[in-house]
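Reproduced below: upload19.cif, with mmCIF, C-alpha atoms.
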```cif
data_my_file
#
loop_
_atom_site.label_atom_id
_atom_site.label_comp_id
_atom_site.auth_asym_id
_atom_site.auth_seq_id
_atom_site.Cartn_x
_atom_site.Cartn_y
_atom_site.Cartn_z
CA MET B 1 0.00 0.00 0.00
CA SER B 2 2.77 2.34 0.88
CA THR B 3 4.29 1.88 -2.58
CA ASP B 4 1.04 3.17 -4.14
CA TYR B 5 0.82 6.06 -1.76
CA GLN B 6 4.33 7.47 -1.73
CA PRO B 7 4.98 8.33 -5.39
CA TRP B 8 1.71 10.25 -5.42
CA VAL B 9 2.69 12.28 -2.35
CA LYS B 10 6.06 13.02 -3.87
CA ASP B 11 4.60 14.45 -7.08
CA ASP B 12 1.99 16.30 -5.09
CA GLN B 13 4.62 17.96 -2.96
CA ARG B 14 6.67 18.89 -5.99
CA GLU B 15 3.63 20.57 -7.51
CA VAL B 16 2.94 22.49 -4.28
CA THR B 17 6.56 23.65 -4.16
CA ARG B 18 6.26 24.88 -7.73
CA LEU B 19 3.04 26.73 -6.96
CA CYS B 20 4.55 28.40 -3.87
CA ALA B 21 7.54 29.53 -5.93
CA GLN B 22 5.26 30.78 -8.70
CA THR B 23 3.10 32.72 -6.21
CA GLY B 24 6.05 34.37 -4.50
CA LEU B 25 7.69 35.14 -7.82
CA MET B 26 4.55 36.70 -9.32
CA LEU B 27 4.20 38.95 -6.30
CA LEU B 28 7.86 40.01 -6.35
CA GLN B 29 7.81 40.63 -10.11
CA HIS B 30 4.86 42.97 -9.82
CA SER B 31 6.34 44.98 -6.92
CA ALA B 32 4.59 43.60 -3.86
CA GLU B 33 6.52 44.17 -0.66
CA SER B 34 8.70 41.28 0.56
CA ALA B 35 6.61 40.58 3.66
CA LEU B 36 3.52 40.07 1.49
CA ALA B 37 5.31 37.84 -1.03
CA GLU B 38 6.68 35.65 1.74
CA SER B 39 3.45 35.36 3.73
CA VAL B 40 1.21 34.65 0.73
CA ALA B 41 3.55 31.94 -0.59
CA ARG B 42 3.84 30.35 2.85
CA ARG B 43 0.10 30.42 3.54
CA LEU B 44 -0.62 28.86 0.14
CA GLY B 45 1.76 26.00 0.91
CA LEU B 46 0.28 25.44 4.36
CA ALA B 47 -3.25 25.53 2.91
CA LEU B 48 -2.18 22.80 0.47
CA ARG B 49 -1.28 20.58 3.47
CA MET B 50 2.46 21.06 3.78
CA ASP B 51 3.92 20.79 7.30
CA SER B 52 6.05 23.87 6.77
CA VAL B 53 7.13 26.21 4.01
CA GLU B 54 10.42 28.10 4.23
CA ILE B 55 11.14 31.00 1.93
CA ALA B 56 14.30 33.01 1.43
CA LEU B 57 14.03 36.17 -0.63
CA MET B 58 16.98 37.67 -2.43
CA ALA B 59 17.21 40.88 -4.39
CA ASN B 60 16.65 39.04 -7.68
CA GLY B 61 15.47 35.59 -6.78
CA ILE B 62 13.36 33.43 -4.50
CA THR B 63 14.09 30.09 -2.82
CA VAL B 64 11.25 27.91 -1.56
CA THR B 65 11.49 24.74 0.51
CA THR B 66 8.41 22.73 1.45
CA ILE B 67 8.55 20.04 4.13
CA ARG B 68 6.05 17.23 4.52
CA ASP B 69 6.53 14.09 6.60
CA GLY B 70 10.20 14.95 6.88
CA ARG B 71 10.70 15.16 3.10
CA CYS B 72 12.07 18.41 1.74
CA HIS B 73 11.65 19.92 -1.70
CA THR B 74 13.61 23.02 -2.65
CA THR B 75 13.41 25.16 -5.73
CA VAL B 76 14.89 28.46 -6.83
CA ARG B 77 13.45 30.99 -9.27
CA ARG B 78 15.08 34.01 -10.77
CA ASN B 79 13.15 37.27 -10.47
CA ILE B 80 12.87 39.69 -13.38
CA ASP B 81 11.03 42.92 -12.73
CA ARG B 82 7.78 43.13 -14.70
CA GLY B 83 6.62 46.56 -13.52
CA ILE B 84 4.14 47.52 -10.84
CA ASN B 85 0.79 45.76 -11.23
CA MET B 86 -1.62 45.76 -8.30
CA HIS B 87 -4.18 43.78 -10.29
CA VAL B 88 -1.88 40.75 -10.36
CA VAL B 89 -1.09 41.17 -6.65
CA THR B 90 -4.80 41.25 -5.79
CA GLU B 91 -5.63 38.20 -7.92
CA VAL B 92 -2.75 36.13 -6.51
CA GLN B 93 -3.75 37.01 -2.97
CA ARG B 94 -7.39 36.10 -3.61
CA THR B 95 -6.30 32.73 -5.01
CA MET B 96 -4.42 32.11 -1.76
CA LEU B 97 -7.43 33.20 0.35
CA LEU B 98 -9.77 30.86 -1.58
CA THR B 99 -7.31 28.01 -1.07
CA GLU B 100 -7.23 28.71 2.66
CA GLU B 101 -11.02 28.51 2.68
CA LYS B 102 -10.75 25.06 1.03
CA LYS B 103 -12.57 26.27 -2.08
CA LEU B 104 -9.68 25.48 -4.43
CA GLY B 105 -7.65 22.31 -4.83
CA LEU B 106 -4.17 21.86 -6.24
CA ALA B 107 -5.22 21.73 -9.90
CA GLU B 108 -7.54 24.74 -9.63
CA VAL B 109 -4.84 26.83 -7.97
CA ALA B 110 -2.43 26.00 -10.78
CA ARG B 111 -5.03 26.87 -13.41
CA ARG B 112 -6.06 30.10 -11.71
CA LEU B 113 -2.47 31.30 -11.36
CA ASP B 114 -1.77 30.57 -15.02
CA GLU B 115 -4.92 32.39 -16.08
CA ILE B 116 -3.93 35.68 -14.41
CA LYS B 117 -3.17 38.08 -17.24
CA PRO B 118 -1.70 41.40 -16.08
CA PHE B 119 -4.39 44.04 -16.58
CA ARG B 120 -3.23 47.37 -18.02
CA TYR B 121 -5.05 50.62 -18.59
CA PRO B 122 -5.01 52.02 -22.16
CA ARG B 123 -1.84 54.02 -22.70
CA TRP B 124 -3.51 57.23 -23.88
CA LEU B 125 -5.78 57.23 -20.82
CA VAL B 126 -2.83 56.84 -18.44
CA SER B 127 -1.01 59.69 -20.22
CA VAL B 128 -4.02 62.01 -19.94
CA MET B 129 -4.55 61.18 -16.26
CA VAL B 130 -0.86 61.56 -15.43
CA GLY B 131 -0.81 64.89 -17.27
CA LEU B 132 -3.76 66.03 -15.16
CA SER B 133 -2.02 64.71 -12.03
CA CYS B 134 1.10 66.77 -12.65
CA ALA B 135 -1.03 69.80 -13.47
CA ALA B 136 -2.77 69.26 -10.13
CA PHE B 137 0.67 69.12 -8.49
CA ALA B 138 1.51 72.46 -10.14
CA ARG B 139 -1.68 73.96 -8.73
CA LEU B 140 -0.90 72.51 -5.29
CA GLY B 141 2.57 74.04 -5.51
CA LEU B 142 1.07 77.43 -6.30
CA LEU B 143 -1.47 76.98 -3.50
CA ALA B 144 1.28 76.22 -0.99
CA ARG B 145 2.97 79.51 -1.90
CA GLY B 146 -0.32 81.38 -1.69
CA ALA B 147 -0.13 82.32 -5.38
CA ASP B 148 -3.18 82.60 -7.62
CA ALA B 149 -4.23 79.97 -10.11
CA ASP B 150 -2.56 80.34 -13.47
CA LEU B 151 -4.09 78.65 -16.50
CA GLY B 152 -0.88 78.87 -18.56
CA THR B 153 1.15 76.95 -15.98
CA PHE B 154 -1.62 74.37 -15.71
CA VAL B 155 -1.80 73.76 -19.48
CA LEU B 156 1.98 73.74 -19.97
CA THR B 157 2.46 71.21 -17.17
CA PHE B 158 -0.36 69.06 -18.53
CA VAL B 159 1.13 68.95 -22.03
CA ALA B 160 4.73 68.40 -20.86
CA SER B 161 3.96 65.57 -18.48
CA GLY B 162 1.33 63.95 -20.70
CA VAL B 163 3.74 63.75 -23.63
CA ALA B 164 6.54 62.54 -21.33
CA MET B 165 4.29 59.79 -19.96
CA GLN B 166 3.45 58.68 -23.49
CA VAL B 167 7.18 58.52 -24.29
CA ARG B 168 7.86 56.61 -21.06
CA GLN B 169 5.19 54.00 -21.82
CA TRP B 170 6.35 53.65 -25.40
CA LEU B 171 9.98 53.12 -24.39
CA ALA B 172 8.91 50.66 -21.68
CA HIS B 173 6.89 48.79 -24.31
CA LEU B 174 10.06 48.51 -26.44
CA HIS B 175 11.88 47.04 -23.39
CA PHE B 176 14.46 49.77 -22.98
CA ASN B 177 16.40 49.85 -19.74
CA PRO B 178 14.32 51.77 -17.15
CA LEU B 179 17.20 54.14 -16.36
CA LEU B 180 17.60 55.10 -20.02
CA ASN B 181 13.83 55.35 -20.35
CA PHE B 182 13.46 57.72 -17.39
CA ALA B 183 16.36 59.92 -18.50
CA THR B 184 14.92 60.27 -22.03
CA ALA B 185 11.38 60.96 -20.85
CA ALA B 186 12.60 63.50 -18.27
CA PHE B 187 14.51 65.22 -21.07
CA VAL B 188 11.31 65.43 -23.13
CA ALA B 189 9.24 66.79 -20.21
CA THR B 190 11.79 69.46 -19.28
CA SER B 191 12.30 70.45 -22.93
CA ILE B 192 8.57 71.12 -23.39
CA ALA B 193 8.32 73.02 -20.11
CA ALA B 194 11.44 75.02 -21.02
CA GLN B 195 9.66 76.39 -24.13
CA GLY B 196 7.23 78.13 -21.79
CA VAL B 197 10.16 79.70 -19.97
CA ILE B 198 11.93 80.78 -23.18
CA HIS B 199 8.85 82.28 -24.83
CA GLY B 200 7.45 83.67 -21.60
CA TRP B 201 4.08 81.89 -21.89
CA VAL B 202 3.61 81.38 -18.17
CA ASP B 203 3.79 83.47 -15.01
CA SER B 204 5.50 80.88 -12.86
CA PRO B 205 7.86 78.81 -15.05
CA LYS B 206 9.67 77.41 -12.04
CA VAL B 207 6.52 75.64 -10.87
CA ALA B 208 5.85 74.23 -14.34
CA MET B 209 9.44 72.99 -14.68
CA SER B 210 9.37 71.22 -11.32
CA ALA B 211 5.83 69.84 -11.53
CA CYS B 212 6.15 68.28 -15.00
CA VAL B 213 8.84 65.82 -13.87
CA LEU B 214 6.97 64.63 -10.77
CA LEU B 215 5.64 61.66 -12.72
CA PHE B 216 9.16 60.21 -12.53
CA VAL B 217 9.42 60.11 -8.75
CA PRO B 218 9.64 56.37 -7.99
CA GLY B 219 7.13 56.48 -5.15
CA PHE B 220 6.31 52.78 -5.03
CA PRO B 221 9.94 51.54 -4.89
CA LEU B 222 10.80 54.17 -2.26
CA ILE B 223 7.90 53.17 0.00
CA ASN B 224 8.55 49.46 -0.57
CA ALA B 225 12.23 49.95 0.24
CA VAL B 226 11.52 51.56 3.60
CA SER B 227 8.72 49.17 4.56
CA ASP B 228 10.86 46.13 3.60
CA MET B 229 13.63 47.38 5.85
CA VAL B 230 11.22 48.19 8.69
CA LYS B 231 9.88 44.62 8.50
CA GLY B 232 13.33 43.04 8.57
CA TYR B 233 13.99 42.38 4.86
CA ILE B 234 17.09 44.53 4.82
CA ASN B 235 18.67 43.19 1.64
CA THR B 236 15.62 43.47 -0.64
CA GLY B 237 14.94 46.87 0.94
CA ILE B 238 18.43 48.12 0.15
CA SER B 239 18.30 46.90 -3.44
CA ARG B 240 14.91 48.54 -4.00
CA GLY B 241 16.09 51.77 -2.39
CA VAL B 242 19.23 51.90 -4.50
CA MET B 243 17.17 51.30 -7.65
CA ALA B 244 14.82 54.15 -6.68
CA VAL B 245 17.72 56.54 -6.11
CA LEU B 246 19.29 55.49 -9.42
CA LEU B 247 16.00 56.21 -11.20
CA LEU B 248 15.91 59.65 -9.56
CA LEU B 249 19.50 60.30 -10.65
CA ALA B 250 18.71 59.19 -14.22
CA CYS B 251 15.82 61.69 -14.34
CA CYS B 252 18.09 64.32 -12.91
CA GLY B 253 20.51 63.66 -15.76
CA GLY B 254 17.70 64.12 -18.29
CA ILE B 255 16.57 67.36 -16.64
CA VAL B 256 20.10 68.83 -16.53
CA PHE B 257 20.74 67.86 -20.16
CA ALA B 258 17.50 69.55 -21.25
CA MET B 259 18.27 72.68 -19.22
CA THR B 260 21.73 72.82 -20.83
CA VAL B 261 20.35 72.39 -24.35
CA TRP B 262 17.70 75.11 -23.93
CA ASN B 263 19.82 77.21 -21.57
CA ALA B 264 16.88 77.55 -19.17
CA TRP B 265 18.24 77.32 -15.63
CA THR B 266 15.14 78.28 -13.71
CA TRP B 267 15.09 75.47 -11.20
CA LEU B 268 17.56 76.61 -8.55
CA MET Q 1 -15.70 90.12 10.12
CA GLU Q 2 -12.02 89.83 9.19
CA ARG Q 3 -11.81 86.71 11.27
CA LEU Q 4 -14.70 85.17 9.37
CA ASP Q 5 -12.98 86.03 6.10
CA LEU Q 6 -9.81 84.31 7.26
CA VAL Q 7 -11.70 81.17 8.27
CA MET Q 8 -13.57 81.12 4.97
CA ASN Q 9 -10.28 81.49 3.09
CA MET Q 10 -8.76 78.59 4.96
CA LEU Q 11 -11.77 76.38 4.36
CA LEU Q 12 -11.63 77.26 0.70
CA SER Q 13 -7.95 76.33 0.37
CA LEU Q 14 -8.56 73.14 2.36
CA LEU Q 15 -11.36 72.21 -0.03
CA GLN Q 16 -9.13 72.96 -3.04
CA ASP Q 17 -6.38 70.85 -1.51
CA PHE Q 18 -8.86 68.00 -0.99
CA GLY Q 19 -10.03 68.10 -4.61
CA LEU Q 20 -6.59 68.58 -6.16
CA ALA Q 21 -4.98 65.71 -4.23
CA ALA Q 22 -7.55 63.21 -5.51
CA VAL Q 23 -6.34 63.66 -9.11
CA PRO Q 24 -2.73 62.45 -8.66
CA ALA Q 25 -3.94 59.61 -6.44
CA VAL Q 26 -6.06 58.27 -9.32
CA GLY Q 27 -3.45 59.08 -11.98
CA PHE Q 28 -0.72 57.16 -10.18
CA ALA Q 29 -3.12 54.35 -9.23
CA MET Q 30 -3.49 53.86 -12.98
CA ILE Q 31 0.29 53.66 -13.43
CA PHE Q 32 0.28 50.98 -10.71
CA ASN Q 33 -2.59 49.18 -12.53
CA VAL Q 34 -4.88 49.20 -9.50
CA PRO Q 35 -8.11 47.33 -10.45
CA LYS Q 36 -10.89 49.63 -11.67
CA PRO Q 37 -13.32 49.21 -8.74
CA ALA Q 38 -10.55 50.22 -6.29
CA LEU Q 39 -9.73 53.52 -8.04
CA LYS Q 40 -12.40 55.48 -6.16
CA TYR Q 41 -11.01 54.29 -2.83
CA CYS Q 42 -7.55 55.54 -3.86
CA ALA Q 43 -9.02 58.93 -4.75
CA VAL Q 44 -10.89 59.33 -1.47
CA ALA Q 45 -8.00 58.13 0.68
CA GLY Q 46 -5.54 60.35 -1.20
CA ALA Q 47 -7.74 63.41 -0.77
CA ILE Q 48 -8.35 62.74 2.94
CA GLY Q 49 -4.65 62.15 3.62
CA HIS Q 50 -3.36 65.21 1.81
CA ALA Q 51 -6.05 67.51 3.22
CA LEU Q 52 -5.35 66.18 6.72
CA ARG Q 53 -1.65 66.90 6.33
CA PHE Q 54 -2.44 70.35 4.91
CA SER Q 55 -4.61 71.21 7.90
CA LEU Q 56 -2.08 69.82 10.39
CA TYR Q 57 0.96 71.73 9.16
CA LYS Q 58 -0.39 74.75 7.28
CA ILE Q 59 -3.28 75.60 9.62
CA GLY Q 60 -2.15 73.62 12.66
CA PRO Q 61 1.19 73.87 14.46
CA LEU Q 62 2.90 70.58 13.50
CA PRO Q 63 6.09 70.31 11.41
CA ILE Q 64 5.56 68.67 8.02
CA GLU Q 65 7.21 65.35 8.96
CA TRP Q 66 4.91 64.72 11.93
CA ALA Q 67 1.87 65.82 9.94
CA THR Q 68 2.91 63.34 7.23
CA LEU Q 69 3.29 60.53 9.76
CA ILE Q 70 -0.18 61.13 11.17
CA ALA Q 71 -1.79 61.47 7.73
CA ALA Q 72 -0.11 58.29 6.48
CA SER Q 73 -1.22 56.25 9.49
CA VAL Q 74 -4.80 57.50 9.08
CA ILE Q 75 -4.69 56.44 5.40
CA SER Q 76 -3.31 53.09 6.47
CA MET Q 77 -6.16 52.52 8.94
CA ILE Q 78 -8.74 53.37 6.28
CA GLY Q 79 -6.85 51.06 3.91
CA ILE Q 80 -6.95 48.16 6.36
CA TYR Q 81 -10.71 48.57 6.79
CA TRP Q 82 -11.26 48.52 3.02
CA ALA Q 83 -8.74 45.71 2.53
CA GLN Q 84 -10.72 43.40 4.79
CA LYS Q 85 -13.96 44.25 3.02
CA TRP Q 86 -12.44 43.92 -0.42
CA ARG Q 87 -10.07 40.97 0.19
CA ALA Q 88 -6.91 42.62 -1.09
CA HIS Q 89 -3.69 43.82 0.53
CA PRO Q 90 -4.04 47.36 2.00
CA LYS Q 91 -1.06 48.56 -0.08
CA VAL Q 92 -3.28 48.25 -3.17
CA PHE Q 93 -5.16 51.32 -1.94
CA THR Q 94 -2.70 53.07 0.33
CA VAL Q 95 0.40 53.52 -1.82
CA ALA Q 96 -1.51 55.36 -4.56
CA ALA Q 97 -3.20 57.43 -1.83
CA ILE Q 98 0.08 58.67 -0.33
CA ILE Q 99 1.59 59.57 -3.74
CA PRO Q 100 0.40 63.22 -3.47
CA MET Q 101 2.49 63.49 -0.28
CA ILE Q 102 5.72 62.08 -1.78
CA PRO Q 103 8.41 64.79 -1.60
CA GLY Q 104 9.17 64.90 -5.33
CA VAL Q 105 10.23 68.53 -5.61
CA TYR Q 106 12.46 68.22 -2.53
CA SER Q 107 14.29 65.17 -3.89
CA PHE Q 108 14.84 66.64 -7.36
CA THR Q 109 16.00 69.98 -5.91
CA ALA Q 110 18.53 68.19 -3.70
CA LEU Q 111 19.94 66.16 -6.59
CA LEU Q 112 20.03 69.18 -8.93
CA ALA Q 113 21.91 71.16 -6.30
CA LEU Q 114 24.53 68.39 -6.22
CA VAL Q 115 24.82 68.58 -10.02
CA GLU Q 116 25.21 72.37 -9.78
CA ILE Q 117 28.06 71.94 -7.30
CA GLU Q 118 29.77 69.74 -9.85
CA ARG Q 119 29.08 72.22 -12.67
CA LYS Q 120 29.83 75.55 -11.04
CA GLY Q 121 32.08 74.55 -8.17
CA PHE Q 122 31.40 74.41 -4.47
CA THR Q 123 29.43 77.11 -2.71
CA PRO Q 124 27.99 76.84 0.81
CA GLU Q 125 24.57 77.96 -0.49
CA LEU Q 126 24.33 75.09 -2.96
CA LEU Q 127 25.43 72.56 -0.34
CA ARG Q 128 22.88 74.03 2.02
CA THR Q 129 20.13 73.65 -0.60
CA ALA Q 130 21.18 70.05 -1.22
CA PHE Q 131 21.20 69.14 2.47
CA ASP Q 132 18.02 71.00 3.43
CA ASN Q 133 15.98 69.47 0.63
CA GLY Q 134 17.61 66.05 0.79
CA PHE Q 135 16.98 65.59 4.50
CA LYS Q 136 13.41 66.86 4.14
CA ALA Q 137 12.82 64.27 1.40
CA VAL Q 138 14.39 61.41 3.37
CA PHE Q 139 12.46 62.20 6.53
CA ILE Q 140 9.13 62.61 4.73
CA VAL Q 141 9.56 59.29 2.87
CA ALA Q 142 10.47 57.59 6.16
CA ALA Q 143 7.42 59.15 7.82
CA LEU Q 144 5.18 57.92 4.98
CA ALA Q 145 6.47 54.35 5.09
CA LEU Q 146 6.40 54.22 8.89
CA GLY Q 147 2.91 55.71 8.98
CA LEU Q 148 1.71 53.04 6.54
CA ALA Q 149 3.27 50.27 8.62
CA LEU Q 150 2.20 51.66 12.01
CA PRO Q 151 -1.36 50.27 12.35
CA GLY Q 152 -0.11 46.83 11.30
CA MET Q 153 2.72 46.97 13.83
CA LEU Q 154 0.44 48.18 16.65
CA PHE Q 155 -2.74 46.15 16.13
CA TYR Q 156 -1.83 43.15 13.91
CA ARG Q 157 1.47 42.17 15.46
CA ARG Q 158 1.74 38.55 14.35
CA ARG Q 159 -1.52 38.16 12.45
CA PRO Q 160 -1.93 38.93 8.77
CA VAL Q 161 -4.21 41.87 7.95
CA VAL Q 162 -6.07 39.96 5.23
#
```
Go ahead and render the structure in this file as structure tokens.
Amino acid sequence: MSTDYQPWVKDDQREVTRLCAQTGLMLLQHSAESALAESVARRLGLALRMDSVEIALMANGITVTTIRDGRCHTTVRRNIDRGINMHVVTEVQRTMLLTEEKKLGLAEVARRLDEIKPFRYPRWLVSVMVGLSCAAFARLGLLARGADADLGTFVLTFVASGVAMQVRQWLAHLHFNPLLNFATAAFVATSIAAQGVIHGWVDSPKVAMSACVLLFVPGFPLINAVSDMVKGYINTGISRGVMAVLLLLACCGGIVFAMTVWNAWTWL
Amino acid sequence: MERLDLVMNMLLSLLQDFGLAAVPAVGFAMIFNVPKPALKYCAVAGAIGHALRFSLYKIGPLPIEWATLIAASVISMIGIYWAQKWRAHPKVFTVAAIIPMIPGVYSFTALLALVEIERKGFTPELLRTAFDNGFKAVFIVAALALGLALPGMLFYRRRPVV
């Protein structure tokens, strides 16, 4: 009897190990924080009847070991960044929650995870909304100084950041390196805003110049970096923080290059 | 009468702040591909957080870092409530909601001042600009991340939120 039983358990455990690795990897790839990736992968494994699930996260990889009846299975996956996608994070977490409630078995979990297709908003819509966002930032900046609303600044910021966002999404679609992408798009944004300064279209060019590049502030990596480190994942936190600072520096390079080309040094 | 005018002015700028902060919260939520039904939560939380910070440090007496910490932890508590109703991690709502409070202008000004030092040579004013803005940015980001983590650390010590 035991000869019938054991090969089945072995394959079963291998499948669970694979699913845990896939879950953790999907969360890491779409910029979930380390604590979430680890806890979701562990809870999925425990819900699929493992005795324990051990996970080690690295800056660009994940190691999963499942233990059942004293047998260990270990697997390693390499992590490639796929961009921030909260839709994937939500779907993966819901799969885990359904498994914990015993509504999904091994095969359904595997199918559900494979069926998750990253949802993306249409590119033009994102560009318009991000343009409006940066224009709102410009207005907030004016408000903080107690200055009056200025339609020219609003429109200039909207156009500059909307076009820059379109460039950023296009370059990301062509799989350019993110640092190169951010530098180029920041150059485009500052160049458009600089026209307003050169031709004197707006009353407060400084606000337009600073607001139109706010779409490049890597807010998610910065927050993830600090919260990883607060929760004890120092190494993933450091690597995310360094990446965020590098992105900021790349943008800075684009801004300085544009200001040199157009000779518009209004920022400082 | 003048007093009433002042109060009305403040209310008006608070209301403007509330409305304006909702826009970047939604815009950035779309960059993060937050699912459609959750976008309105991001907008509301972003507006509440930014307006709360505005009233704490512009109208109230707090320095900006402490105001940010309080606003971020309030957003986080709202986020946890929604997360449990909606079966998703609170970060899905909260990170987009704190985006309007991210110190973008401070961080860019600090880095540009460093570039200027390289370009024009050292002056104490430029170094001062770099340090003032850089530290502001670092402390505000730390306050945001800590504020987001605070309710979890205080009330859900070893339990998962969702």
Checklist entry - Given a cut-off of 6 Å, which residues of chain B touch chain Q, counting only C-alpha atoms, written out as a ChimeraX atom specification? => result /B:84-87,90,120,129-130,133,136,214,217,223,226-227
Next on the checklist: Give me, as JSON, numbers by chain, all polymer residues having an atom no more than 7 Å from Ser76 in chain Q, counting only C-alpha atoms and skipping those fewer than 2 positions away in the same chain.
Outcome noted: {"Q": [72, 73, 74, 78, 79, 80, 94, 148, 151]}
Next on the checklist: I'd like the residues picked by the PyMOL selection byres ((chain B and resi 150) around 12) written out as a PyMOL selection string, using the chain letters and numbers from the file.
Outcome noted: chain B and resi 135-136+138-143+147-149+151-157+201-205+207-208
Run the PyMOL selection byres ((chain B and resi 216) around 8) on the file and write out the hits as a CSV table (one decimal) with C-alpha atoms, in the frame of the given file.
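Resulting contents of expr39.csv:
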```csv
chain,number,residue,atom,x,y,z
B,182,PHE,CA,13.5,57.7,-17.4
B,186,ALA,CA,12.6,63.5,-18.3
B,213,VAL,CA,8.8,65.8,-13.9
B,214,LEU,CA,7.0,64.6,-10.8
B,215,LEU,CA,5.6,61.7,-12.7
B,217,VAL,CA,9.4,60.1,-8.8
B,218,PRO,CA,9.6,56.4,-8.0
B,248,LEU,CA,15.9,59.6,-9.6
B,251,CYS,CA,15.8,61.7,-14.3
```
Next on the checklist: So the first atom is CA of Cys20 in chain B and the second is CA of Glu38 in chain B; what is the distance between them in Å, to one decimal place?
Outcome noted: 9.4 Å
